[in-house]
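Engineer: One file: input.tsv (TSV, C-alpha atoms and all ligand atoms).
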```tsv
chain	number	residue	atom	x	y	z
A	1	MET	CA	-19.01	-0.90	-7.33
A	2	ASN	CA	-18.05	-2.79	-4.19
A	3	ALA	CA	-14.61	-1.53	-3.24
A	4	ALA	CA	-12.72	-1.78	0.03
A	5	VAL	CA	-9.72	0.42	0.83
A	6	VAL	CA	-7.27	-1.02	3.36
A	7	ILE	CA	-5.30	1.60	5.29
A	8	ALA	CA	-2.64	0.58	7.81
A	9	THR	CA	-2.09	3.25	10.42
A	10	TYR	CA	0.53	3.94	13.05
A	11	ASN	CA	0.40	7.40	14.62
A	12	GLU	CA	-1.67	9.03	11.89
A	13	ARG	CA	-3.91	11.12	14.14
A	14	GLU	CA	-3.57	14.27	12.02
A	15	ASN	CA	-4.32	12.46	8.78
A	16	LEU	CA	-6.90	9.73	9.22
A	17	LYS	CA	-10.12	11.69	9.47
A	18	GLY	CA	-9.43	13.91	6.47
A	19	LEU	CA	-8.29	10.98	4.41
A	20	ALA	CA	-11.35	8.89	5.28
A	21	THR	CA	-13.64	11.80	4.46
A	22	ALA	CA	-12.02	12.15	1.03
A	23	ILE	CA	-12.31	8.41	0.32
A	24	LEU	CA	-15.95	8.26	1.40
A	25	GLN	CA	-16.81	10.89	-1.24
A	26	HIS	CA	-16.46	8.03	-3.69
A	27	ILE	CA	-19.68	6.05	-3.92
A	28	GLY	CA	-19.28	2.33	-3.39
A	29	TYR	CA	-16.03	2.55	-1.45
A	30	ARG	CA	-15.62	1.22	2.08
A	31	ILE	CA	-12.61	1.61	4.37
A	32	ILE	CA	-10.83	-0.93	6.53
A	33	VAL	CA	-8.44	0.74	8.98
A	34	VAL	CA	-5.79	-1.50	10.54
A	35	ASP	CA	-4.31	0.29	13.52
A	36	ASP	CA	-1.34	-1.04	15.44
A	37	ASP	CA	-2.36	0.31	18.83
A	38	SER	CA	-0.96	3.74	17.90
A	39	PRO	CA	0.22	5.62	21.01
A	40	ASP	CA	-1.20	8.88	19.58
A	41	GLY	CA	-4.80	7.62	19.71
A	42	THR	CA	-5.34	6.99	15.99
A	43	GLY	CA	-7.33	3.88	16.94
A	44	ALA	CA	-9.91	5.95	18.82
A	45	ILE	CA	-10.30	8.26	15.83
A	46	ALA	CA	-10.85	5.21	13.64
A	47	ASP	CA	-13.52	4.00	16.09
A	48	GLU	CA	-15.27	7.37	15.86
A	49	LEU	CA	-15.30	7.08	12.08
A	50	ALA	CA	-16.72	3.57	12.31
A	51	ALA	CA	-19.45	4.81	14.66
A	52	ALA	CA	-20.30	7.66	12.28
A	53	PHE	CA	-20.26	5.42	9.17
A	54	PRO	CA	-21.10	1.92	10.43
A	55	ASP	CA	-21.70	0.50	6.95
A	56	ARG	CA	-18.59	1.99	5.42
A	57	VAL	CA	-15.78	2.03	7.97
A	58	THR	CA	-14.37	-1.02	9.77
A	59	VAL	CA	-11.49	-0.98	12.24
A	60	ILE	CA	-9.09	-3.76	13.08
A	61	HIS	CA	-7.15	-3.11	16.27
A	62	ARG	CA	-3.93	-5.06	16.32
A	63	THR	CA	-1.84	-5.66	19.42
A	64	GLY	CA	1.49	-7.39	19.85
A	65	ALA	CA	4.27	-7.09	17.29
A	66	ARG	CA	3.54	-4.16	15.00
A	67	GLY	CA	4.32	-4.04	11.34
A	68	LEU	CA	3.04	-2.65	8.07
A	69	GLY	CA	3.13	-6.02	6.33
A	70	ARG	CA	1.23	-7.89	9.02
A	71	SER	CA	-1.31	-5.09	9.20
A	72	LEU	CA	-1.90	-5.12	5.46
A	73	VAL	CA	-2.34	-8.91	5.54
A	74	ALA	CA	-5.02	-8.58	8.23
A	75	GLY	CA	-6.80	-5.82	6.32
A	76	LEU	CA	-6.64	-7.54	2.94
A	77	GLN	CA	-8.00	-10.77	4.41
A	78	ARG	CA	-10.86	-8.86	6.00
A	79	ALA	CA	-11.56	-7.14	2.67
A	80	LEU	CA	-11.79	-10.51	0.93
A	81	GLN	CA	-14.15	-11.83	3.62
A	82	SER	CA	-16.31	-8.75	3.23
A	83	GLY	CA	-16.99	-9.64	-0.39
A	84	ALA	CA	-15.33	-6.63	-2.03
A	85	ASP	CA	-14.72	-6.94	-5.78
A	86	LEU	CA	-11.91	-4.41	-5.83
A	87	ILE	CA	-9.49	-4.14	-2.96
A	88	PHE	CA	-7.19	-1.15	-2.57
A	89	GLN	CA	-4.28	-0.55	-0.26
A	90	MET	CA	-2.93	2.94	0.37
A	91	ASP	CA	-0.97	4.95	2.93
A	92	ALA	CA	-2.71	7.10	5.53
A	93	ASP	CA	-0.48	10.15	5.18
A	94	PHE	CA	-2.01	11.71	2.02
A	95	SER	CA	0.96	10.69	-0.11
A	96	HIS	CA	-1.63	8.66	-2.05
A	97	ASP	CA	-4.39	11.01	-3.14
A	98	PRO	CA	-7.89	9.45	-3.07
A	99	GLN	CA	-8.65	11.33	-6.30
A	100	TYR	CA	-6.77	8.52	-8.09
A	101	LEU	CA	-9.01	5.73	-6.78
A	102	PRO	CA	-11.28	5.78	-9.88
A	103	ASP	CA	-8.22	5.75	-12.19
A	104	LEU	CA	-6.91	2.62	-10.53
A	105	ALA	CA	-10.37	1.05	-10.56
A	106	ALA	CA	-10.78	1.79	-14.28
A	107	ALA	CA	-7.42	0.21	-15.06
A	108	ALA	CA	-8.50	-2.91	-13.14
A	109	HIS	CA	-11.07	-3.64	-15.86
A	110	ASP	CA	-8.36	-5.39	-17.79
A	111	ALA	CA	-5.77	-6.01	-15.08
A	112	ASP	CA	-5.56	-8.13	-11.96
A	113	LEU	CA	-3.35	-5.70	-10.08
A	114	VAL	CA	-2.99	-1.98	-10.71
A	115	LEU	CA	-0.11	0.01	-9.27
A	116	GLY	CA	-0.27	3.75	-8.61
A	117	SER	CA	3.15	4.55	-10.01
A	118	ARG	CA	5.55	7.42	-9.35
A	119	TYR	CA	7.94	6.53	-12.15
A	120	LEU	CA	5.88	6.22	-15.30
A	121	ARG	CA	6.43	9.78	-16.43
A	122	GLY	CA	9.87	10.61	-15.17
A	123	VAL	CA	9.62	11.01	-11.40
A	124	SER	CA	6.28	12.38	-10.15
A	125	VAL	CA	7.11	13.10	-6.53
A	126	VAL	CA	6.43	16.36	-4.70
A	127	ASN	CA	8.46	17.62	-1.72
A	128	TRP	CA	11.04	14.88	-1.62
A	129	PRO	CA	14.64	15.93	-1.02
A	130	LEU	CA	17.01	14.87	-3.78
A	131	HIS	CA	18.60	12.10	-1.70
A	132	ARG	CA	15.18	10.49	-1.20
A	133	ILE	CA	14.46	10.51	-4.94
A	134	VAL	CA	17.86	9.03	-5.66
A	135	LEU	CA	17.39	6.34	-3.00
A	136	SER	CA	13.93	5.34	-4.21
A	137	SER	CA	14.93	5.32	-7.85
A	138	PHE	CA	18.06	3.27	-7.07
A	139	ALA	CA	16.00	0.89	-4.92
A	140	ASN	CA	13.61	0.25	-7.79
A	141	ARG	CA	16.43	-0.45	-10.24
A	142	TYR	CA	18.07	-2.77	-7.74
A	143	ILE	CA	14.84	-4.64	-7.08
A	144	ARG	CA	14.08	-5.08	-10.78
A	145	ALA	CA	17.62	-6.24	-11.55
A	146	VAL	CA	17.72	-8.77	-8.71
A	147	THR	CA	14.18	-10.13	-8.84
A	148	GLY	CA	13.18	-9.79	-12.49
A	149	LEU	CA	10.16	-7.70	-11.59
A	150	VAL	CA	8.88	-5.66	-14.55
A	151	PRO	CA	6.92	-2.63	-13.17
A	152	SER	CA	8.65	0.74	-12.88
A	153	ASP	CA	7.45	1.32	-9.30
A	154	CYS	CA	7.87	-1.90	-7.34
A	155	THR	CA	7.69	-0.24	-3.92
A	156	THR	CA	4.51	1.77	-4.30
A	157	GLY	CA	1.98	1.15	-1.56
A	158	PHE	CA	-0.94	2.40	-3.67
A	159	ARG	CA	-2.44	-0.69	-5.25
A	160	CYS	CA	-5.74	-2.04	-6.49
A	161	TRP	CA	-6.49	-5.75	-6.73
A	162	ARG	CA	-9.25	-7.63	-8.40
A	163	ARG	CA	-10.53	-9.95	-5.72
A	164	GLU	CA	-9.88	-13.16	-7.69
A	165	ALA	CA	-6.23	-12.21	-8.04
A	166	LEU	CA	-5.76	-11.21	-4.41
A	167	ALA	CA	-7.46	-14.42	-3.29
A	168	ARG	CA	-4.74	-16.40	-5.10
A	169	ILE	CA	-1.91	-14.68	-3.17
A	170	PRO	CA	-0.92	-16.77	-0.13
A	171	LEU	CA	-0.91	-13.76	2.18
A	172	ASP	CA	-0.18	-15.77	5.31
A	173	GLY	CA	3.05	-17.00	3.76
A	174	LEU	CA	4.55	-13.54	3.16
A	175	ILE	CA	7.65	-13.16	5.27
A	176	SER	CA	8.70	-9.52	5.04
A	177	ASP	CA	7.24	-6.44	6.61
A	178	GLY	CA	8.40	-2.97	5.56
A	179	TYR	CA	8.78	-1.88	1.92
A	180	ALA	CA	9.99	-5.40	1.31
A	181	PHE	CA	6.48	-6.67	1.98
A	182	LEU	CA	5.26	-4.67	-1.01
A	183	VAL	CA	8.04	-6.10	-3.18
A	184	GLU	CA	7.29	-9.64	-2.07
A	185	GLN	CA	3.57	-9.20	-2.68
A	186	LEU	CA	4.24	-7.88	-6.18
A	187	HIS	CA	6.70	-10.67	-6.89
A	188	LEU	CA	4.13	-13.31	-5.99
A	189	ALA	CA	1.57	-11.61	-8.21
A	190	GLN	CA	3.96	-11.59	-11.17
A	191	ARG	CA	4.92	-15.23	-10.59
A	192	LEU	CA	1.27	-16.26	-10.46
A	193	GLY	CA	0.78	-14.64	-13.86
A	194	CYS	CA	-1.33	-11.70	-12.72
A	195	ARG	CA	-1.86	-9.03	-15.36
A	196	ILE	CA	-0.15	-6.02	-13.76
A	197	ARG	CA	-0.72	-2.46	-14.96
A	198	GLU	CA	0.58	0.86	-13.75
A	199	VAL	CA	-1.22	4.18	-13.76
A	200	PRO	CA	0.59	7.45	-13.07
A	201	ILE	CA	0.10	9.19	-9.74
A	202	ILE	CA	1.68	12.29	-8.27
A	203	PHE	CA	3.05	11.28	-4.89
A	204	VAL	CA	3.17	14.03	-2.26
A	205	GLU	CA	5.45	13.69	0.76
A	206	ARG	CA	3.61	13.59	4.09
A	207	ARG	CA	2.91	16.97	5.68
A	208	GLU	CA	1.72	15.75	9.10
A	209	GLY	CA	3.06	13.06	11.38
A	210	ALA	CA	6.35	11.21	11.27
A	211	SER	CA	7.81	8.62	8.94
A	212	LYS	CA	8.19	5.07	10.25
A	213	VAL	CA	11.02	4.10	7.97
A	214	SER	CA	13.79	2.62	10.10
A	215	SER	CA	17.22	1.24	9.33
A	216	SER	CA	15.96	-2.32	9.92
A	217	VAL	CA	13.24	-1.75	7.31
A	218	LEU	CA	15.88	-0.53	4.85
A	219	LEU	CA	18.13	-3.49	5.60
A	220	GLU	CA	15.24	-5.88	5.00
A	221	SER	CA	14.62	-4.14	1.67
A	222	ALA	CA	18.18	-4.81	0.59
A	223	ILE	CA	18.06	-8.50	1.49
A	224	VAL	CA	14.56	-9.59	0.46
A	225	PRO	CA	15.13	-9.18	-3.31
A	226	TRP	CA	17.85	-11.82	-3.10
A	227	ARG	CA	15.57	-14.20	-1.17
A	228	LEU	CA	12.91	-13.71	-3.82
A	229	ARG	CA	15.44	-14.40	-6.57
A	230	LEU	CA	16.55	-17.64	-4.90
A	231	ARG	CA	12.92	-18.67	-4.49
A	232	ARG	CA	12.44	-18.73	-8.27
A	301	LIG	N1	-0.53	-0.67	11.19
A	301	LIG	C1	0.69	-0.20	10.92
A	301	LIG	N2	0.84	0.77	9.98
A	301	LIG	C2	2.08	1.22	9.73
A	301	LIG	C3	3.23	0.74	10.40
A	301	LIG	N3	4.31	1.40	9.91
A	301	LIG	C4	3.86	2.25	8.98
A	301	LIG	N4	2.51	2.16	8.88
A	301	LIG	C5	1.64	2.91	7.97
A	301	LIG	O1	2.08	2.64	6.67
A	301	LIG	C6	1.94	3.78	5.84
A	301	LIG	C7	3.29	4.17	5.27
A	301	LIG	O2	4.17	4.54	6.33
A	301	LIG	P1	5.06	5.85	6.27
A	301	LIG	O3	5.68	6.13	7.58
A	301	LIG	O4	4.26	6.94	5.65
A	301	LIG	O5	6.19	5.39	5.32
A	301	LIG	P2	6.63	6.13	4.06
A	301	LIG	O6	5.46	6.65	3.30
A	301	LIG	O7	7.50	5.20	3.34
A	301	LIG	O8	7.52	7.30	4.67
A	301	LIG	P3	7.27	8.88	4.60
A	301	LIG	O9	7.69	9.32	3.25
A	301	LIG	O10	8.12	9.45	5.62
A	301	LIG	O11	5.83	9.14	4.83
A	301	LIG	C8	1.30	4.85	6.72
A	301	LIG	O12	-0.09	4.80	6.57
A	301	LIG	C9	1.72	4.40	8.12
A	301	LIG	O13	0.85	4.86	9.12
A	301	LIG	C10	3.04	-0.28	11.39
A	301	LIG	O14	3.98	-0.77	12.02
A	301	LIG	N5	1.76	-0.71	11.60
A	302	MG	MG	4.38	8.07	3.80
```
Once you've parsed the file, please lay out its structure as structure tokens.
Structural biologist:
Amino acid sequence: MNAAVVIATYNERENLKGLATAILQHIGYRIIVVDDDSPDGTGAIADELAAAFPDRVTVIHRTGARGLGRSLVAGLQRALQSGADLIFQMDADFSHDPQYLPDLAAAAHDADLVLGSRYLRGVSVVNWPLHRIVLSSFANRYIRAVTGLVPSDCTTGFRCWRREALARIPLDGLISDGYAFLVEQLHLAQRLGCRIREVPIIFVERREGASKVSSSVLLESAIVPWRLRLRR
């Protein structure tokens, strides 16, 4: 197993070390942290991890315009360069439990892209207020209706790629940044004929740190599906 897990971080000081420790329990998994110069010092914690596990933890320090999409692009490109066969992306806030990494990897035996999905068995989300569940569920219906995407969870950030499939995605050409980045990435994969599978995960709302979801990110999410539809 040669797996790399890309984690974009912005102000995840309380979460990163515990998360990395849990991921490193899995043999054959490396971590690529992409930190956006977090004011809370997450980057320094990532450097400490890299010093403690030089073969298994890499840190990319970004400066300039911050963004989840750009950070994921940098991390995914680094993962490809590093020769990983399976490339994961997941959030830093424990919403995506590392215990599911082997499930996603197993599903990638006969898939190019595996999604850790909240909506395969009803709604498997813990500690979300009702309005958040309604918003996310509505967003997924809207995205599927506008873009023609098939998966039940188009906005999940927990993903596993086979390297050949990820290498075919023109990452530099992706235009969006927030949740919309995830939708655009998935849309490209579906258009390129990737075999996409979903495996169920239980998603747990963050306990530590603050959300970075802003109104501009939500606005982008409303518009990007239409751009993707017109691109067809
Ligand atoms: N590098 C980088 N990472 C980011 C940025 N914005 C968000 N992230 C990371 O992206 C992941 C998801 O962000 P969250 O704030 O948890 O967004 P969310 O999960 O939709 O919202 P919550 O439910 O409130 O947690 C986390 O690991 C964040 O640290 C950014 O601008 N740059
Ligand atoms: Mg989160």
Engineer: From the options A:Ala167, A:Val126, A:Ala52, A:Leu186, which residue's atoms come nearest to ligand LIG 301 (chain A), counting all atoms listed in the file?
Structural biologist: A:Val126
Engineer: Extract, using only C-alpha atoms, all DNA, RNA and protein residues at most 9 Å from segment 88-96 of chain A, discarding same-chain residues fewer than 5 positions from it, and format them as number ranges by chain.
Structural biologist: A: 3-10, 12, 14-16, 18-20, 72, 75-76, 101, 104-105, 116, 156-162, 201-209
Engineer: Restricting the calculation to all atoms listed in the file, which member of A:Leu135, A:Leu166, A:Ala84, A:Ala50 is positioned closest to ligand LIG 301 (chain A)?
Structural biologist: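 Under the stated criterion, the closest residue is A:Leu135.
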Engineer: Expressed in Å to a single decimal, how great is the separation between atom CA of Arg78 of chain A and atom CA of Asp35 of chain A?
Structural biologist: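 Computing the Euclidean distance for atom CA of Arg78 of chain A and atom CA of Asp35 of chain A yields 13.5 Å.
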Engineer: Set the distance at 12 Å and use all atoms listed in the file: which residues neighbour segment 146-149 of chain A once local chain neighbours fewer than 5 positions away are removed? I'd like the list as a list in words.
Structural biologist: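 Near neighbours after the sequence-gap exclusion: Ala139, Asn140, Arg141, Cys154, Thr155, Ala180, Val183, Glu184, Gln185, Leu186, His187, Leu188, Ala189, Gln190, Arg191, Gly193, Ile196, Ser221, Ala222, Ile223, Val224, Pro225, Trp226, Arg227, Leu228, Arg229, Leu230, Arg231 and Arg232 of chain A.
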Engineer: My list of candidates is A:Ser176, A:Ser216, A:Ser211, A:Ser71. Which is closest to ligand MG 302 (chain A) when distances are computed with all atoms listed in the file?
Structural biologist: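 Closest candidate: A:Ser211.
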Engineer: Between atom CA of Arg62 of chain A and atom CA of Val213 of chain A, what is the distance in Å, rounded to a tenth?
Structural biologist: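 These two atoms are separated by 19.4 Å.
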Engineer: Ranking A:Phe53, A:Tyr100, A:Tyr119, A:Tyr179 by minimum distance to ligand MG 302 (chain A) and counting all atoms listed in the file, which one comes first?
Structural biologist: A:Tyr179
Engineer: Give the answer as one residue: which of A:Pro98, A:His61, A:Ser136, A:Phe181 has the shortest atom-to-atom distance to Val123 of chain A, using all atoms listed in the file?
Structural biologist: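 Between A:Pro98, A:His61, A:Ser136, A:Phe181, the residue approaching Val123 of chain A most closely is A:Ser136.
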Engineer: Select all residues near (-7.3, 11.3, 19.8) (cut-off 12 Å, inclusive, file coordinates), counting only C-alpha atoms, and output them as a list in words.
Structural biologist: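 The answer, in the requested form, is Asn11, Glu12, Arg13, Glu14, Asn15, Leu16, Lys17, Ser38, Pro39, Asp40, Gly41, Thr42, Gly43, Ala44, Ile45, Ala46, Asp47, Glu48 and Leu49 of chain A.
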Engineer: Report the distance between atom CA of Ala106 of chain A and atom CA of Ile27 of chain A in Å, rounded to one decimal place.
Structural biologist: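 It comes out at 14.3 Å.
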Engineer: Using all atoms listed in the file, which of A:Ser215, A:Asn127, A:Ser152, A:Thr58 sits nearest ligand MG 302 (chain A)?
Structural biologist: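 Going through A:Ser215, A:Asn127, A:Ser152, A:Thr58 one by one, the smallest distance to ligand MG 302 (chain A) is for A:Asn127.
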